[in-house]
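A.B. asks: Have a look at the structure that comes next, please.
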Amino acid sequence: MISEEKIQKYNDWLFRKSAYDMALSIIMTDKMTVAPIGGSAYRDARTAYLSGELFSIVTDPEILEILREMKDDNDIDPDLKRAAYLYYKDAMATVCIPKEEFVSAQEIFSKSYDAWLEAKTKNDYSIFEPWLKKVIEIRKQQYEYRKSDMDLYDQMLDDYEPGMNREKYDVFFNALKERLVPLIEKVCAAEQIDDSFLYQEYDIEEQKRFSNELLKYLHFDADWGYQNETEHPFTNWVCENDCRTTTKYLLNNVASAILSTVHEVGHATYEHDCDDKYDGMILSEGISSGMHESQSRLFENYLGRSYAFWEYLFPILQKHFPAQLGNVTAKQFTDAVNVSRRSLVRTEADELTYPLHILVRYEIEKGLFDGSISTEGLDETWNALYEKYLGIKVPGAREGILQDVHWSDGSFGYFPTYALGSAFSAQFTAKMREEIDVDEALRSGHFEICIEWLKEHIHKYGCRYDADDIMKIATGREFDVNVYLDYLEEKYTKLYHLK
Ligand code: ZN
């Protein structure tokens, strides 16, 4: 069994590492919300330096040896053993990269983010293209250092969703294509639902006042969470009991900020509700991107777009916007937030067409890494795929290739987990609905009943177990994409009175 002295060293290391993690997390959140752009160059250089310090901590050879010993030690506490395994795995992916290259990459990713933002603002892909090219080259190089037998893009997919690869995603996306493309065609041909009232002018300050009530309903508590605004909503954990979430208000779309808030609070609640005994260690984080997204999508789509949810909240929203919504019913409002139509922007997409937005990104990523697609003219490739799968013409790069932040810092392999997560949540929700009266909880203002179920069956485990094990623990069966597809088919057949 491992010595007390080594365990002490491990604990000291964990404390040091978490201090840097915390600092970098708050700097990142700040950069993406309120930090003035003028300070970018100064900040980015120092942020990169801090990343380098963290790199040295994570890859400390003495610690790597201790972690290796701990992960193979059957006599230590199983939680500790699991944590050591996960830290070791992360460290091995980092230690192979030369430190100078790691640090300079962090700085390039920061600059690339700024270039993306400028390109998006100016609706000009050519500003971002050279940066995207550079970022891809860096990522390729970083993965090559691992000297893995696995294909490069498969490694990226596995990093975000352990166990997933192109072969499995191809099967998943083919199932989606097969059943969703014809369903979307039927929905488009059906009589359309009036949702025009969502797109009137909604004063942003008034939207914020409603949002405060929404956050209360969702039990997003100021004791552990803070909401800010950003270009591209995200949630970030700074440290235990300090979660930063974000949203984006649009003057002419009342549902956008609401649903993005519900989504992000799903992410926030997941990690907040991990078992307290995992505090301060990796086990208190979400297990995978897909699992994280399953919790945010569960909040957003399976609860936040349900009639019961709006039975409680719509009268409150109506009070904030009597002129816009005075003559609308909760039922009409719910139907409106579920309208499906072919659209350009992923984050604004409805539940039914959403996975096809992901399919486009998955095909592009595969192509970028197998060499069949180049960054030059990628805006055109993007537009062609949108026409192919979503039947829609992209008017410009802002609504096209530049709409998402992810590729600016080299987060390749991440997008597919969005579609996978949506599918996971169908199965979780089906089980939750078997066991508790979800609608009654929502309509009576007791959202915490759903939170409790999720905590007990999913959240409390953090990353103590792999995603597929948590799926089995929570639902009693393996993941099955058909649960998701059946759900969508049933929901949209009813909503659009399809035959
Ligand atoms: Zn999300």
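Residues in the structure tokens are named by chain (A, B, ... in the order shown) and by number from 1 within that chain; ligands are numbered from 1 in the order shown.
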Can you list, as a tab-separated table (two decimals) with N, CA and C atoms, in the first residue's frame, every protein, DNA or RNA residue that comes within 8 Å of range 167-181 of chain A when you count only C-alpha atoms, leaving out same-chain residues fewer than 5 positions away?
C.D. replies:
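Result written to part_27.tsv:
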chain	number	residue	atom	x	y	z
A	352	LEU	N	-35.82	19.59	-32.86
A	352	LEU	CA	-35.88	18.56	-33.91
A	352	LEU	C	-34.76	18.71	-34.95
A	353	THR	N	-34.49	19.95	-35.37
A	353	THR	CA	-33.46	20.13	-36.41
A	353	THR	C	-32.06	20.24	-35.80
A	355	PRO	N	-29.96	18.33	-34.08
A	355	PRO	CA	-28.90	17.34	-34.35
A	355	PRO	C	-28.33	17.42	-35.76
A	356	LEU	N	-29.11	17.97	-36.72
A	356	LEU	CA	-28.56	18.09	-38.07
A	356	LEU	C	-27.50	19.20	-38.14
A	359	LEU	N	-24.54	17.41	-37.11
A	359	LEU	CA	-24.07	16.53	-38.19
A	359	LEU	C	-23.15	17.29	-39.16
A	389	TYR	N	-28.31	19.27	-45.80
A	389	TYR	CA	-29.02	18.63	-44.68
A	389	TYR	C	-30.19	19.46	-44.14
A	416	PRO	N	-19.92	16.73	-31.55
A	416	PRO	CA	-20.76	15.52	-31.59
A	416	PRO	C	-21.39	15.19	-30.24
A	481	VAL	N	-30.31	4.79	-28.89
A	481	VAL	CA	-30.66	6.01	-29.64
A	481	VAL	C	-32.14	6.04	-30.01
A	485	LEU	N	-35.17	8.96	-30.69
A	485	LEU	CA	-35.85	9.14	-31.96
A	485	LEU	C	-37.36	8.89	-31.81
A.B. asks: Find the residues near Lys111 in chain A: any atom within 9 Å, counting only C-alpha atoms, skip ones fewer than 4 places away on the same chain, and give them as a ChimeraX atom specification.
C.D. replies: /A:40-41,44,106-107,115-116,131,408-409
A.B. asks: Atoms to include: N, CA, C and O atoms. Write the selected residues as a short mmCIF file (atom, residue, chain, number, x, y, z; two decimals), in the first residue's frame.
C.D. replies:
data_model
loop_
_atom_site.label_atom_id
_atom_site.label_comp_id
_atom_site.auth_asym_id
_atom_site.auth_seq_id
_atom_site.Cartn_x
_atom_site.Cartn_y
_atom_site.Cartn_z
N SER A 40 -6.27 42.77 -23.97
CA SER A 40 -6.10 41.38 -24.44
C SER A 40 -4.64 40.92 -24.50
O SER A 40 -4.29 39.89 -23.95
N ALA A 41 -3.82 41.71 -25.22
CA ALA A 41 -2.45 41.26 -25.48
C ALA A 41 -1.70 41.05 -24.16
O ALA A 41 -1.02 40.03 -23.95
N ASP A 44 -3.37 38.05 -22.28
CA ASP A 44 -3.17 36.74 -22.91
C ASP A 44 -1.76 36.20 -22.64
O ASP A 44 -1.57 35.01 -22.40
N GLN A 106 -1.25 28.09 -26.07
CA GLN A 106 -2.29 28.76 -25.28
C GLN A 106 -2.46 30.21 -25.72
O GLN A 106 -3.56 30.72 -25.81
N GLU A 107 -1.32 30.85 -26.01
CA GLU A 107 -1.39 32.25 -26.43
C GLU A 107 -2.04 32.37 -27.82
O GLU A 107 -2.85 33.27 -28.05
N ALA A 115 -9.56 36.89 -32.91
CA ALA A 115 -9.71 36.98 -34.38
C ALA A 115 -11.10 36.48 -34.79
O ALA A 115 -11.75 37.07 -35.66
N TRP A 116 -11.52 35.41 -34.15
CA TRP A 116 -12.86 34.87 -34.44
C TRP A 116 -13.94 35.92 -34.15
O TRP A 116 -14.85 36.14 -34.95
N TRP A 131 -6.04 31.86 -38.76
CA TRP A 131 -5.96 31.43 -37.36
C TRP A 131 -6.49 30.00 -37.21
O TRP A 131 -5.91 29.17 -36.50
N SER A 408 -12.23 28.10 -32.51
CA SER A 408 -11.22 29.14 -32.34
C SER A 408 -10.13 28.72 -31.35
O SER A 408 -8.99 29.12 -31.46
N ASP A 409 -10.49 27.89 -30.37
CA ASP A 409 -9.44 27.44 -29.45
C ASP A 409 -9.12 25.95 -29.63
O ASP A 409 -8.55 25.31 -28.76
#
A.B. asks: Write out as a PyMOL selection string the set of residues from range 230-268 of chain A that DSSP, computed on the backbone, places in strand (DSSP E).
C.D. replies: chain A and resi 235-239+242-247
A.B. asks: Please provide the set of residues having any atom within 7 Å of range 235-247 of chain A, restricted to only C-alpha atoms, with same-chain residues fewer than 6 positions apart removed, written as a ChimeraX atom specification.
C.D. replies: /A:22,25-26,29,224-229,257,260-261,264,267-268,272,279-280
A.B. asks: Between CA of Tyr88 in chain A and CA of Leu67 in chain A, what is the spacing in Å?
C.D. replies: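 Rounded to one decimal, the two atoms are 5.9 Å apart.
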A.B. asks: Counting only C-alpha atoms, which of A:Val360, A:Leu303, A:Ala330, A:Ala308 gets nearest to Met432 in chain A?
C.D. replies: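 Closest to Met432 in chain A, using only C-alpha atoms: A:Leu303.
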A.B. asks: How would you write, as an NGL selection string, the set of residues in range 154-365 of chain A that DSSP gives as helix (DSSP H, G or I)?
C.D. replies: :A and (154-160 or 166-189 or 196-199 or 204-217 or 254-272 or 276-278 or 282-284 or 289-303 or 307-320 or 322-325 or 330-337 or 346-348 or 354-365)
A.B. asks: Now that the selection is made, can you save its residues with C-alpha atoms as a CSV table (one decimal), in the first residue's frame?
C.D. replies:
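Generated output (out_23.csv):
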chain,number,residue,atom,x,y,z
A,154,ASP,CA,-10.8,9.4,-32.8
A,155,GLN,CA,-8.5,10.5,-30.0
A,156,MET,CA,-10.2,13.9,-30.0
A,157,LEU,CA,-13.6,12.3,-29.9
A,158,ASP,CA,-12.4,10.1,-27.1
A,159,ASP,CA,-11.1,13.0,-25.1
A,160,TYR,CA,-14.6,14.6,-24.9
A,166,ARG,CA,-15.9,7.8,-35.7
A,167,GLU,CA,-17.2,4.3,-36.1
A,168,LYS,CA,-19.7,4.7,-33.3
A,169,TYR,CA,-20.6,8.2,-34.1
A,170,ASP,CA,-21.2,7.2,-37.8
A,171,VAL,CA,-23.8,4.6,-36.6
A,172,PHE,CA,-25.4,7.2,-34.3
A,173,PHE,CA,-25.6,10.0,-36.9
A,174,ASN,CA,-26.8,7.6,-39.6
A,175,ALA,CA,-29.7,6.6,-37.3
A,176,LEU,CA,-30.5,10.2,-36.8
A,177,LYS,CA,-30.3,11.0,-40.6
A,178,GLU,CA,-32.5,8.1,-41.4
A,179,ARG,CA,-35.4,9.0,-39.1
A,180,LEU,CA,-35.1,12.8,-38.7
A,181,VAL,CA,-34.7,14.0,-42.3
A,182,PRO,CA,-38.1,12.6,-43.4
A,183,LEU,CA,-39.7,13.7,-40.2
A,184,ILE,CA,-38.4,17.3,-40.7
A,185,GLU,CA,-39.8,17.2,-44.2
A,186,LYS,CA,-43.2,16.2,-42.9
A,187,VAL,CA,-43.1,19.0,-40.3
A,188,CYS,CA,-42.2,21.6,-42.9
A,189,ALA,CA,-45.0,20.5,-45.2
A,196,SER,CA,-44.7,35.5,-34.4
A,197,PHE,CA,-45.4,36.9,-30.9
A,198,LEU,CA,-42.0,35.6,-29.7
A,199,TYR,CA,-40.3,38.0,-32.1
A,204,ILE,CA,-33.9,43.7,-22.3
A,205,GLU,CA,-34.0,45.2,-18.8
A,206,GLU,CA,-37.5,43.7,-18.4
A,207,GLN,CA,-36.2,40.3,-19.7
A,208,LYS,CA,-33.5,40.5,-17.0
A,209,ARG,CA,-36.2,41.1,-14.3
A,210,PHE,CA,-38.0,37.9,-15.5
A,211,SER,CA,-34.8,36.1,-15.6
A,212,ASN,CA,-34.3,36.7,-11.9
A,213,GLU,CA,-37.6,34.9,-11.2
A,214,LEU,CA,-36.7,32.1,-13.6
A,215,LEU,CA,-33.4,31.6,-11.8
A,216,LYS,CA,-35.2,31.4,-8.5
A,217,TYR,CA,-37.7,28.8,-9.9
A,254,VAL,CA,-38.0,36.6,-25.9
A,255,ALA,CA,-37.4,32.8,-25.8
A,256,SER,CA,-33.7,32.8,-26.6
A,257,ALA,CA,-32.3,34.1,-23.3
A,258,ILE,CA,-34.8,32.1,-21.3
A,259,LEU,CA,-34.0,28.8,-22.9
A,260,SER,CA,-30.2,29.4,-22.9
A,261,THR,CA,-30.5,30.3,-19.2
A,262,VAL,CA,-32.4,27.0,-18.5
A,263,HIS,CA,-29.7,25.2,-20.5
A,264,GLU,CA,-26.8,26.7,-18.7
A,265,VAL,CA,-28.4,26.2,-15.3
A,266,GLY,CA,-28.6,22.5,-16.2
A,267,HIS,CA,-24.8,22.4,-16.6
A,268,ALA,CA,-24.4,24.3,-13.3
A,269,THR,CA,-26.7,22.1,-11.3
A,270,TYR,CA,-25.0,18.9,-12.5
A,271,GLU,CA,-21.7,19.8,-10.9
A,272,HIS,CA,-23.2,21.6,-8.0
A,276,ASP,CA,-19.8,16.6,-1.3
A,277,LYS,CA,-17.3,14.0,-0.4
A,278,TYR,CA,-15.7,14.5,-3.8
A,282,ILE,CA,-11.6,15.6,-10.1
A,283,LEU,CA,-14.5,13.3,-9.1
A,284,SER,CA,-16.7,16.4,-8.4
A,289,SER,CA,-19.1,16.4,-22.4
A,290,GLY,CA,-22.0,14.2,-23.6
A,291,MET,CA,-23.2,13.6,-20.1
A,292,HIS,CA,-22.8,17.3,-19.3
A,293,GLU,CA,-24.8,18.2,-22.3
A,294,SER,CA,-27.4,15.6,-21.5
A,295,GLN,CA,-28.1,17.5,-18.2
A,296,SER,CA,-28.3,20.9,-19.9
A,297,ARG,CA,-30.5,19.6,-22.7
A,298,LEU,CA,-32.7,17.8,-20.2
A,299,PHE,CA,-33.3,21.1,-18.4
A,300,GLU,CA,-33.8,23.0,-21.6
A,301,ASN,CA,-35.8,20.7,-23.8
A,302,TYR,CA,-37.4,18.0,-21.7
A,303,LEU,CA,-38.4,20.3,-18.9
A,307,TYR,CA,-46.4,22.6,-21.1
A,308,ALA,CA,-46.2,22.0,-17.3
A,309,PHE,CA,-43.1,24.2,-17.0
A,310,TRP,CA,-45.0,27.1,-18.7
A,311,GLU,CA,-48.2,26.5,-16.8
A,312,TYR,CA,-46.2,27.9,-13.8
A,313,LEU,CA,-44.0,30.4,-15.5
A,314,PHE,CA,-46.0,31.8,-18.3
A,315,PRO,CA,-48.4,33.9,-16.1
A,316,ILE,CA,-45.2,35.5,-14.6
A,317,LEU,CA,-43.7,36.2,-18.0
A,318,GLN,CA,-47.0,37.7,-19.1
A,319,LYS,CA,-46.9,40.1,-16.2
A,320,HIS,CA,-43.6,41.4,-17.4
A,322,PRO,CA,-48.5,42.4,-21.0
A,323,ALA,CA,-48.5,44.3,-24.3
A,324,GLN,CA,-46.7,41.5,-26.1
A,325,LEU,CA,-48.2,38.4,-24.4
A,330,ALA,CA,-49.6,29.2,-21.9
A,331,LYS,CA,-50.5,26.5,-24.4
A,332,GLN,CA,-49.9,28.8,-27.4
A,333,PHE,CA,-46.6,29.9,-25.9
A,334,THR,CA,-45.4,26.3,-25.3
A,335,ASP,CA,-46.3,25.4,-28.9
A,336,ALA,CA,-44.4,28.4,-30.1
A,337,VAL,CA,-41.2,27.5,-28.2
A,346,ARG,CA,-27.3,26.1,-34.0
A,347,THR,CA,-27.8,27.8,-30.6
A,348,GLU,CA,-31.2,29.1,-31.8
A,354,TYR,CA,-30.7,20.7,-33.8
A,355,PRO,CA,-28.9,17.3,-34.3
A,356,LEU,CA,-28.6,18.1,-38.1
A,357,HIS,CA,-26.6,21.3,-37.2
A,358,ILE,CA,-24.3,19.0,-35.3
A,359,LEU,CA,-24.1,16.5,-38.2
A,360,VAL,CA,-22.7,19.3,-40.4
A,361,ARG,CA,-20.0,20.1,-37.9
A,362,TYR,CA,-19.1,16.5,-37.4
A,363,GLU,CA,-18.7,15.9,-41.2
A,364,ILE,CA,-16.5,19.0,-41.4
A,365,GLU,CA,-14.3,18.0,-38.5
A.B. asks: Give me, please, the distance in Å between CA of Asn338 in chain A and CA of Leu385 in chain A, quoted to one decimal.
C.D. replies: 24.3 Å
A.B. asks: Please determine, counting only C-alpha atoms and all ligand atoms, which residue among A:Glu448, A:Lys491, A:Ala419, A:Thr475 has the shortest atom-to-atom distance to ligand 1.
C.D. replies: A:Ala419
A.B. asks: Skipping near chain neighbours, those fewer than 4 positions away, what residues fall within 8 Å of Ile108 in chain A using only C-alpha atoms, listed as number ranges by chain?
C.D. replies: A: 104, 112, 135
A.B. asks: I'd like the contact shell of Thr94 in chain A - 10 Å cut-off, only C-alpha atoms, skipping same-chain residues fewer than 6 positions apart - returned as a ChimeraX atom specification.
C.D. replies: /A:55-56,58-59,88,102,142-143,145-146
A.B. asks: A:Ile57, A:Ile37, A:Met1, A:Leu420: which is nearest ligand 1, counting only C-alpha atoms and all ligand atoms?
C.D. replies: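 Smallest distance to ligand 1 is found for A:Leu420.
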A.B. asks: Can you tell me which residues surround Lys17 in chain A at a distance of at most 12 Å, considering only C-alpha atoms, apart from same-chain residues fewer than 2 positions away, and format the answer as JSON, numbers by chain?
C.D. replies: {"A": [10, 11, 12, 13, 14, 15, 19, 20, 21, 22, 23, 24, 50, 51, 52, 53, 54, 55, 56, 57, 58, 59, 60, 63, 87, 91, 239, 280, 281, 282]}
A.B. asks: Please determine, counting only C-alpha atoms and all ligand atoms, which residue among A:Lys499, A:His446, A:Lys248, A:His232 has the shortest atom-to-atom distance to ligand 1.
C.D. replies: A:His232
A.B. asks: Considering only C-alpha atoms, state which residue in the set A:Phe234, A:Phe479, A:Phe412, A:Tyr386 is at the smallest distance from Ala426 in chain A.
C.D. replies: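 Residue with the minimum atom-to-atom distance to Ala426 in chain A: A:Phe479.
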A.B. asks: What is the distance between CA of Ile97 in chain A and CA of Pro130 in chain A, in Å to one decimal?
C.D. replies: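 A separation of 22.9 Å between them.
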A.B. asks: Looking at A:Val438, A:Ser374, A:Asn327, A:Ala222, which one is nearest to Gly304 in chain A, with distances taken over only C-alpha atoms?
C.D. replies: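 Checking each of A:Val438, A:Ser374, A:Asn327, A:Ala222 against Gly304 in chain A, counting only C-alpha atoms, the winner is A:Val438.
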A.B. asks: At a cut-off of 12 Å, using only C-alpha atoms, what residues contact Glu191 in chain A? Leave out same-chain residues fewer than 6 positions from it and give the result as a tab-separated table (two decimals) with all heavy atoms, in the first residue's frame.
C.D. replies:
chain	number	residue	atom	x	y	z
A	339	VAL	N	-41.76	25.19	-31.88
A	339	VAL	CA	-41.84	25.25	-33.34
A	339	VAL	C	-40.54	24.75	-33.96
A	339	VAL	O	-39.45	25.06	-33.47
A	339	VAL	CB	-42.14	26.70	-33.80
A	339	VAL	CG1	-41.70	26.93	-35.23
A	339	VAL	CG2	-43.62	27.00	-33.64
A	340	SER	N	-40.69	23.96	-35.02
A	340	SER	CA	-39.50	23.49	-35.72
A	340	SER	C	-39.46	24.13	-37.10
A	340	SER	O	-40.46	24.12	-37.82
A	340	SER	CB	-39.56	21.97	-35.86
A	340	SER	OG	-38.50	21.55	-36.69
A	341	ARG	N	-38.33	24.70	-37.42
A	341	ARG	CA	-38.15	25.19	-38.80
A	341	ARG	C	-36.67	25.16	-39.13
A	341	ARG	O	-35.82	25.22	-38.25
A	341	ARG	CB	-38.75	26.58	-38.98
A	341	ARG	CG	-38.09	27.73	-38.26
A	341	ARG	CD	-38.57	29.06	-38.82
A	341	ARG	NE	-39.99	29.29	-38.59
A	341	ARG	CZ	-40.51	29.85	-37.49
A	341	ARG	NH1	-39.71	30.22	-36.51
A	341	ARG	NH2	-41.80	30.03	-37.35
A	493	THR	N	-45.10	14.57	-34.14
A	493	THR	CA	-46.30	14.06	-34.81
A	493	THR	C	-47.53	14.70	-34.16
A	493	THR	O	-48.45	15.15	-34.83
A	493	THR	CB	-46.37	12.53	-34.71
A	493	THR	OG1	-45.22	12.01	-35.39
A	493	THR	CG2	-47.62	11.98	-35.36
A	495	LEU	N	-47.55	17.51	-32.16
A	495	LEU	CA	-47.52	18.98	-32.26
A	495	LEU	C	-48.01	19.48	-33.60
A	495	LEU	O	-48.71	20.48	-33.71
A	495	LEU	CB	-46.09	19.48	-31.96
A	495	LEU	CG	-45.88	20.98	-31.91
A	495	LEU	CD1	-46.68	21.62	-30.77
A	495	LEU	CD2	-44.39	21.30	-31.72
A	496	TYR	N	-47.62	18.77	-34.67
A	496	TYR	CA	-47.98	19.22	-36.02
A	496	TYR	C	-49.12	18.42	-36.65
A	496	TYR	O	-49.37	18.53	-37.84
A	496	TYR	CB	-46.73	19.19	-36.94
A	496	TYR	CG	-45.83	20.38	-36.70
A	496	TYR	CD1	-44.86	20.36	-35.71
A	496	TYR	CD2	-45.98	21.55	-37.44
A	496	TYR	CE1	-44.06	21.46	-35.47
A	496	TYR	CE2	-45.18	22.66	-37.22
A	496	TYR	CZ	-44.22	22.61	-36.23
A	496	TYR	OH	-43.43	23.71	-36.01
A	497	HIS	N	-49.77	17.61	-35.80
A	497	HIS	CA	-50.91	16.78	-36.28
A	497	HIS	C	-50.53	16.02	-37.54
A	497	HIS	O	-51.25	16.05	-38.52
A	497	HIS	CB	-52.14	17.67	-36.56
A	497	HIS	CG	-52.49	18.57	-35.41
A	497	HIS	ND1	-53.03	18.09	-34.24
A	497	HIS	CD2	-52.31	19.92	-35.22
A	497	HIS	CE1	-53.21	19.12	-33.39
A	497	HIS	NE2	-52.76	20.21	-33.95
A	498	LEU	N	-49.39	15.34	-37.49
A	498	LEU	CA	-48.94	14.60	-38.67
A	498	LEU	C	-49.70	13.28	-38.75
A	498	LEU	O	-50.12	12.73	-37.75
A	498	LEU	CB	-47.43	14.31	-38.59
A	498	LEU	CG	-46.51	15.50	-38.40
A	498	LEU	CD1	-45.07	15.03	-38.28
A	498	LEU	CD2	-46.64	16.49	-39.58
